[in-house]
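Enquirer: Let me begin by handing over the structure; questions about it come next.
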Amino acid sequence: MDPRYPIGRFEWAGSSTDEQRRHWIGEIADLPAALRDAVDGLTAQQLDTPYREGGWTVRQLVHHVADSHMNCYARCKLALTEEEPTIKPYDEKLWAETPDSLAVPCDVSLSLIDALHTRWVALWMSLAGEQWARNYRHPERGLTSLETTLALYAWHGRHHTAHVTELRKSLENLGPAAGHRQTAGGARTGGNDS
Ligand code: NI
């Protein structure tokens, strides 16, 4: 298994059914609790352990999910209220290295994600018919529909939650002291997994 993609890469079939969209909305609704469960009980050292060699720490992953989903929520609102708005990309690697991403307790972003997803799910639940085909324009990737965005971000939440749960499995295999060595090397940058 490629440790960067514990649940596989995102795949888009080109269209979706009402049932699939309901399923993805359910996954977005479940993400805050799933992510909270995934980090629950980890020590400070474990939170600052990269989920893979050269990857983000658990703390960076949690703050990244908040950063990413805040950006995406704004893109969804823009797509609904403007005609094919061009959105502003951001450098997720650099965002994961600003001091807040390295130091703020995970619980702050878990609460943020909880509130954000309550808003986001309400927005997704309100969409009907042609609204699913509304687009925003990414300067490099071109037009992206809300339908595709829903599927992508349902995957994205599960993708990063799995990074944490897979790390937990390896820490359990290494024993209770695991996590100390990795923090000493400061290998907390270089994530490339979104
Ligand atoms: Ni990501």
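In the structure tokens, chains take letters A, B, ... by order of appearance, with residues numbered from 1 within each chain and ligands from 1 in the order shown.
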Which residues come within 12 Å of Thr98 (chain A), counting only C-alpha atoms, excluding same-chain residues fewer than 3 positions away, as a PDB file with C-alpha atoms, in the first residue's frame?

Expert:
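So the final result, stored in part.pdb, reads:
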```pdb
ATOM      1  CA  GLN A  60      -0.461  19.327  10.696  1.00  0.00           C
ATOM      2  CA  HIS A  63      -5.019  21.745  10.776  1.00  0.00           C
ATOM      3  CA  HIS A  64      -4.705  20.996   7.036  1.00  0.00           C
ATOM      4  CA  ASP A  67      -7.597  24.898   6.112  1.00  0.00           C
ATOM      5  CA  ASP A  91      -0.064  26.548  -1.222  1.00  0.00           C
ATOM      6  CA  GLU A  92      -1.172  23.783   1.122  1.00  0.00           C
ATOM      7  CA  LYS A  93       2.391  22.755   1.964  1.00  0.00           C
ATOM      8  CA  LEU A  94       3.296  26.258   3.128  1.00  0.00           C
ATOM      9  CA  TRP A  95      -0.013  26.636   4.957  1.00  0.00           C
ATOM     10  CA  SER A 101      -0.253  24.687  12.027  1.00  0.00           C
ATOM     11  CA  LEU A 102       2.753  23.536  14.054  1.00  0.00           C
ATOM     12  CA  ALA A 103       1.678  24.627  17.521  1.00  0.00           C
ATOM     13  CA  VAL A 104      -2.068  25.142  18.015  1.00  0.00           C
ATOM     14  CA  ARG A 188       7.528  17.440   9.791  1.00  0.00           C
ATOM     15  CA  THR A 189       7.411  19.016   6.368  1.00  0.00           C
TER      16      THR A 189
END
```

Enquirer: Please identify all polymer residues within 12 Å of His117 (chain A), counting only C-alpha atoms, omitting same-chain residues fewer than 3 positions from it, and present them as a ChimeraX atom specification.

Expert: /A:25-33,65-66,69-70,72-73,109-114,120-125,153-154,157

Enquirer: Please write the residues from the selection above to a file, keeping N, CA and C atoms, as a PDB file, in the first residue's frame.

Expert:
```pdb
ATOM      1  N   ILE A  25     -22.591  13.178   1.290  1.00  0.00           N
ATOM      2  CA  ILE A  25     -22.970  14.185   2.302  1.00  0.00           C
ATOM      3  C   ILE A  25     -22.879  13.549   3.694  1.00  0.00           C
ATOM      4  N   GLY A  26     -23.296  12.286   3.793  1.00  0.00           N
ATOM      5  CA  GLY A  26     -23.199  11.570   5.071  1.00  0.00           C
ATOM      6  C   GLY A  26     -21.746  11.452   5.528  1.00  0.00           C
ATOM      7  N   GLU A  27     -20.848  11.204   4.588  1.00  0.00           N
ATOM      8  CA  GLU A  27     -19.427  11.096   4.952  1.00  0.00           C
ATOM      9  C   GLU A  27     -18.890  12.440   5.433  1.00  0.00           C
ATOM     10  N   ILE A  28     -19.331  13.527   4.792  1.00  0.00           N
ATOM     11  CA  ILE A  28     -18.889  14.857   5.235  1.00  0.00           C
ATOM     12  C   ILE A  28     -19.469  15.169   6.618  1.00  0.00           C
ATOM     13  N   ALA A  29     -20.710  14.725   6.850  1.00  0.00           N
ATOM     14  CA  ALA A  29     -21.320  14.924   8.170  1.00  0.00           C
ATOM     15  C   ALA A  29     -20.586  14.118   9.249  1.00  0.00           C
ATOM     16  N   ASP A  30     -20.079  12.950   8.874  1.00  0.00           N
ATOM     17  CA  ASP A  30     -19.430  12.063   9.852  1.00  0.00           C
ATOM     18  C   ASP A  30     -17.965  12.429  10.121  1.00  0.00           C
ATOM     19  N   LEU A  31     -17.368  13.222   9.230  1.00  0.00           N
ATOM     20  CA  LEU A  31     -15.917  13.469   9.322  1.00  0.00           C
ATOM     21  C   LEU A  31     -15.475  14.079  10.660  1.00  0.00           C
ATOM     22  N   PRO A  32     -16.175  15.109  11.189  1.00  0.00           N
ATOM     23  CA  PRO A  32     -15.668  15.703  12.431  1.00  0.00           C
ATOM     24  C   PRO A  32     -15.502  14.675  13.551  1.00  0.00           C
ATOM     25  N   ALA A  33     -16.494  13.813  13.738  1.00  0.00           N
ATOM     26  CA  ALA A  33     -16.402  12.806  14.814  1.00  0.00           C
ATOM     27  C   ALA A  33     -15.359  11.751  14.473  1.00  0.00           C
ATOM     28  N   VAL A  65      -6.797  19.769   7.295  1.00  0.00           N
ATOM     29  CA  VAL A  65      -8.200  19.477   6.950  1.00  0.00           C
ATOM     30  C   VAL A  65      -9.045  20.739   7.178  1.00  0.00           C
ATOM     31  N   ALA A  66      -8.800  21.432   8.286  1.00  0.00           N
ATOM     32  CA  ALA A  66      -9.542  22.676   8.544  1.00  0.00           C
ATOM     33  C   ALA A  66      -9.249  23.711   7.457  1.00  0.00           C
ATOM     34  N   HIS A  69     -10.813  22.545   4.043  1.00  0.00           N
ATOM     35  CA  HIS A  69     -12.272  22.557   3.963  1.00  0.00           C
ATOM     36  C   HIS A  69     -12.841  23.966   4.111  1.00  0.00           C
ATOM     37  N   MET A  70     -12.129  24.846   4.819  1.00  0.00           N
ATOM     38  CA  MET A  70     -12.561  26.254   4.850  1.00  0.00           C
ATOM     39  C   MET A  70     -12.460  26.866   3.450  1.00  0.00           C
ATOM     40  N   CYS A  72     -12.544  25.242   0.652  1.00  0.00           N
ATOM     41  CA  CYS A  72     -13.521  24.622  -0.241  1.00  0.00           C
ATOM     42  C   CYS A  72     -14.940  25.124   0.040  1.00  0.00           C
ATOM     43  N   TYR A  73     -15.255  25.329   1.314  1.00  0.00           N
ATOM     44  CA  TYR A  73     -16.574  25.875   1.650  1.00  0.00           C
ATOM     45  C   TYR A  73     -16.771  27.231   0.951  1.00  0.00           C
ATOM     46  N   SER A 109      -8.814  23.027  15.856  1.00  0.00           N
ATOM     47  CA  SER A 109      -9.278  22.757  14.491  1.00  0.00           C
ATOM     48  C   SER A 109     -10.392  21.712  14.461  1.00  0.00           C
ATOM     49  N   LEU A 110     -10.388  20.781  15.417  1.00  0.00           N
ATOM     50  CA  LEU A 110     -11.491  19.805  15.456  1.00  0.00           C
ATOM     51  C   LEU A 110     -12.813  20.522  15.722  1.00  0.00           C
ATOM     52  N   SER A 111     -12.793  21.519  16.607  1.00  0.00           N
ATOM     53  CA  SER A 111     -14.011  22.298  16.871  1.00  0.00           C
ATOM     54  C   SER A 111     -14.396  23.128  15.650  1.00  0.00           C
ATOM     55  N   LEU A 112     -13.369  23.683  14.995  1.00  0.00           N
ATOM     56  CA  LEU A 112     -13.605  24.485  13.791  1.00  0.00           C
ATOM     57  C   LEU A 112     -14.251  23.604  12.702  1.00  0.00           C
ATOM     58  N   ILE A 113     -13.700  22.399  12.520  1.00  0.00           N
ATOM     59  CA  ILE A 113     -14.216  21.471  11.503  1.00  0.00           C
ATOM     60  C   ILE A 113     -15.656  21.068  11.857  1.00  0.00           C
ATOM     61  N   ASP A 114     -15.896  20.888  13.131  1.00  0.00           N
ATOM     62  CA  ASP A 114     -17.243  20.521  13.577  1.00  0.00           C
ATOM     63  C   ASP A 114     -18.257  21.595  13.155  1.00  0.00           C
ATOM     64  N   TRP A 120     -21.567  23.352   6.180  1.00  0.00           N
ATOM     65  CA  TRP A 120     -21.328  22.769   4.850  1.00  0.00           C
ATOM     66  C   TRP A 120     -22.398  21.725   4.524  1.00  0.00           C
ATOM     67  N   VAL A 121     -22.707  20.873   5.504  1.00  0.00           N
ATOM     68  CA  VAL A 121     -23.720  19.836   5.276  1.00  0.00           C
ATOM     69  C   VAL A 121     -25.079  20.495   5.006  1.00  0.00           C
ATOM     70  N   ALA A 122     -25.397  21.543   5.746  1.00  0.00           N
ATOM     71  CA  ALA A 122     -26.666  22.251   5.499  1.00  0.00           C
ATOM     72  C   ALA A 122     -26.690  22.795   4.074  1.00  0.00           C
ATOM     73  N   LEU A 123     -25.543  23.291   3.624  1.00  0.00           N
ATOM     74  CA  LEU A 123     -25.459  23.820   2.254  1.00  0.00           C
ATOM     75  C   LEU A 123     -25.621  22.685   1.242  1.00  0.00           C
ATOM     76  N   TRP A 124     -24.890  21.592   1.438  1.00  0.00           N
ATOM     77  CA  TRP A 124     -24.990  20.455   0.506  1.00  0.00           C
ATOM     78  C   TRP A 124     -26.423  19.925   0.448  1.00  0.00           C
ATOM     79  N   MET A 125     -27.078  19.843   1.621  1.00  0.00           N
ATOM     80  CA  MET A 125     -28.446  19.288   1.687  1.00  0.00           C
ATOM     81  C   MET A 125     -29.438  20.165   0.921  1.00  0.00           C
ATOM     82  N   TYR A 153     -14.294  15.955  -1.681  1.00  0.00           N
ATOM     83  CA  TYR A 153     -14.055  16.306  -0.284  1.00  0.00           C
ATOM     84  C   TYR A 153     -14.578  15.246   0.682  1.00  0.00           C
ATOM     85  N   ALA A 154     -15.557  14.444   0.251  1.00  0.00           N
ATOM     86  CA  ALA A 154     -15.930  13.265   1.053  1.00  0.00           C
ATOM     87  C   ALA A 154     -14.724  12.330   1.109  1.00  0.00           C
ATOM     88  N   GLY A 157     -11.685  13.888   3.355  1.00  0.00           N
ATOM     89  CA  GLY A 157     -11.800  13.706   4.805  1.00  0.00           C
ATOM     90  C   GLY A 157     -11.427  12.292   5.217  1.00  0.00           C
TER      91      GLY A 157
END
```

Enquirer: Need the shell around Asp2 (chain A): protein/DNA/RNA residues with any atom at most 12 Å away, counting only C-alpha atoms. Skip same-chain ones fewer than 4 positions apart. Format as a PDB file with C-alpha atoms, in the first residue's frame?

Expert:
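Output file around16.pdb follows:
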```pdb
ATOM      1  CA  PRO A   6      -4.327   4.494   2.395  1.00  0.00           C
ATOM      2  CA  ILE A   7      -7.842   4.484   0.859  1.00  0.00           C
ATOM      3  CA  GLY A   8      -6.619   4.848  -2.735  1.00  0.00           C
ATOM      4  CA  ARG A   9      -6.577   7.906  -4.937  1.00  0.00           C
ATOM      5  CA  ARG A  52       4.842   8.643   7.136  1.00  0.00           C
ATOM      6  CA  GLU A  53       8.527   9.308   6.429  1.00  0.00           C
ATOM      7  CA  HIS A 163      -3.464   8.669   7.613  1.00  0.00           C
ATOM      8  CA  GLU A 166      -2.809   3.932   9.878  1.00  0.00           C
ATOM      9  CA  ASP A 193      -1.136  14.212  -0.065  1.00  0.00           C
TER      10      ASP A 193
END
```

Enquirer: Calculated over only C-alpha atoms and all ligand atoms, which of the candidates A:Lys169, A:His160, A:His138, A:Lys88 has the smallest distance to ligand 1?

Expert: A:His160

Enquirer: Looking only at strand (DSSP E) from DSSP on the backbone, list the matching residues of chain A as an mmCIF file with C-alpha atoms, in the first residue's frame.

Expert:
```cif
data_model
loop_
_atom_site.group_PDB
_atom_site.id
_atom_site.type_symbol
_atom_site.label_atom_id
_atom_site.label_comp_id
_atom_site.auth_asym_id
_atom_site.auth_seq_id
_atom_site.Cartn_x
_atom_site.Cartn_y
_atom_site.Cartn_z
ATOM 1 C CA ASN A 135 -18.911 25.354 -11.382
ATOM 2 C CA TYR A 136 -15.994 27.276 -10.076
ATOM 3 C CA ARG A 137 -12.877 27.775 -12.140
ATOM 4 C CA HIS A 138 -9.507 26.760 -10.746
ATOM 5 C CA GLY A 142 -10.196 24.526 -14.959
ATOM 6 C CA LEU A 143 -13.911 24.135 -14.243
ATOM 7 C CA THR A 144 -14.983 21.955 -11.311
ATOM 8 C CA SER A 145 -18.643 21.216 -10.569
#
```

Enquirer: For CA of Asp40 (chain A) and CA of Tyr90 (chain A), determine how far apart the two atoms are, in Å to one decimal place.

Expert: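 About the pair CA of Asp40 (chain A) and CA of Tyr90 (chain A): they are 29.0 Å apart.
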
Enquirer: Report the distance between CA of Pro50 (chain A) and CA of Val164 (chain A) in Å, rounded to one decimal place.

Expert: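 The value is 9.4 Å.
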
Enquirer: Output as an MDAnalysis selection string all residues of chain A that backbone DSSP marks as alpha helix (DSSP H).

Expert: chainID A and resid 18:39 44:47 58:81 92:95 99:103 106:126 146:174 180:184

Enquirer: Given only C-alpha atoms and all ligand atoms as the basis, pick out the residue of A:Arg4, A:Arg22, A:Arg141, A:Arg134 nearest to ligand 1.

Expert: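 Closest to ligand 1, using only C-alpha atoms and all ligand atoms: A:Arg4.
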
Enquirer: Between A:Gly55, A:Gly129, A:Gly175, A:Pro139, which residue has the minimum interatomic distance to ligand 1, considering only C-alpha atoms and all ligand atoms?

Expert: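 Under the stated criterion, the closest residue is A:Gly55.
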
Enquirer: What is the CA of Ala13 (chain A) to CA of Ala151 (chain A) distance in Å?

Expert: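 Atom-to-atom, CA of Ala13 (chain A) to CA of Ala151 (chain A), that is 10.0 Å.
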
Enquirer: Compare A:Arg168, A:Leu47, A:Leu174, A:Ala162 by their minimum atom-to-atom distance to ligand 1, counting only C-alpha atoms and all ligand atoms, and give me the closest one.

Expert: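 That would be A:Ala162, the residue with the smallest distance to ligand 1.
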
Enquirer: Pick out the closest residue to ligand 1 from this set: A:Ser68, A:Ser170, A:Thr149, A:Thr86. Count only C-alpha atoms and all ligand atoms.

Expert: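 Using only C-alpha atoms and all ligand atoms, the shortest distance to ligand 1 belongs to A:Ser68.
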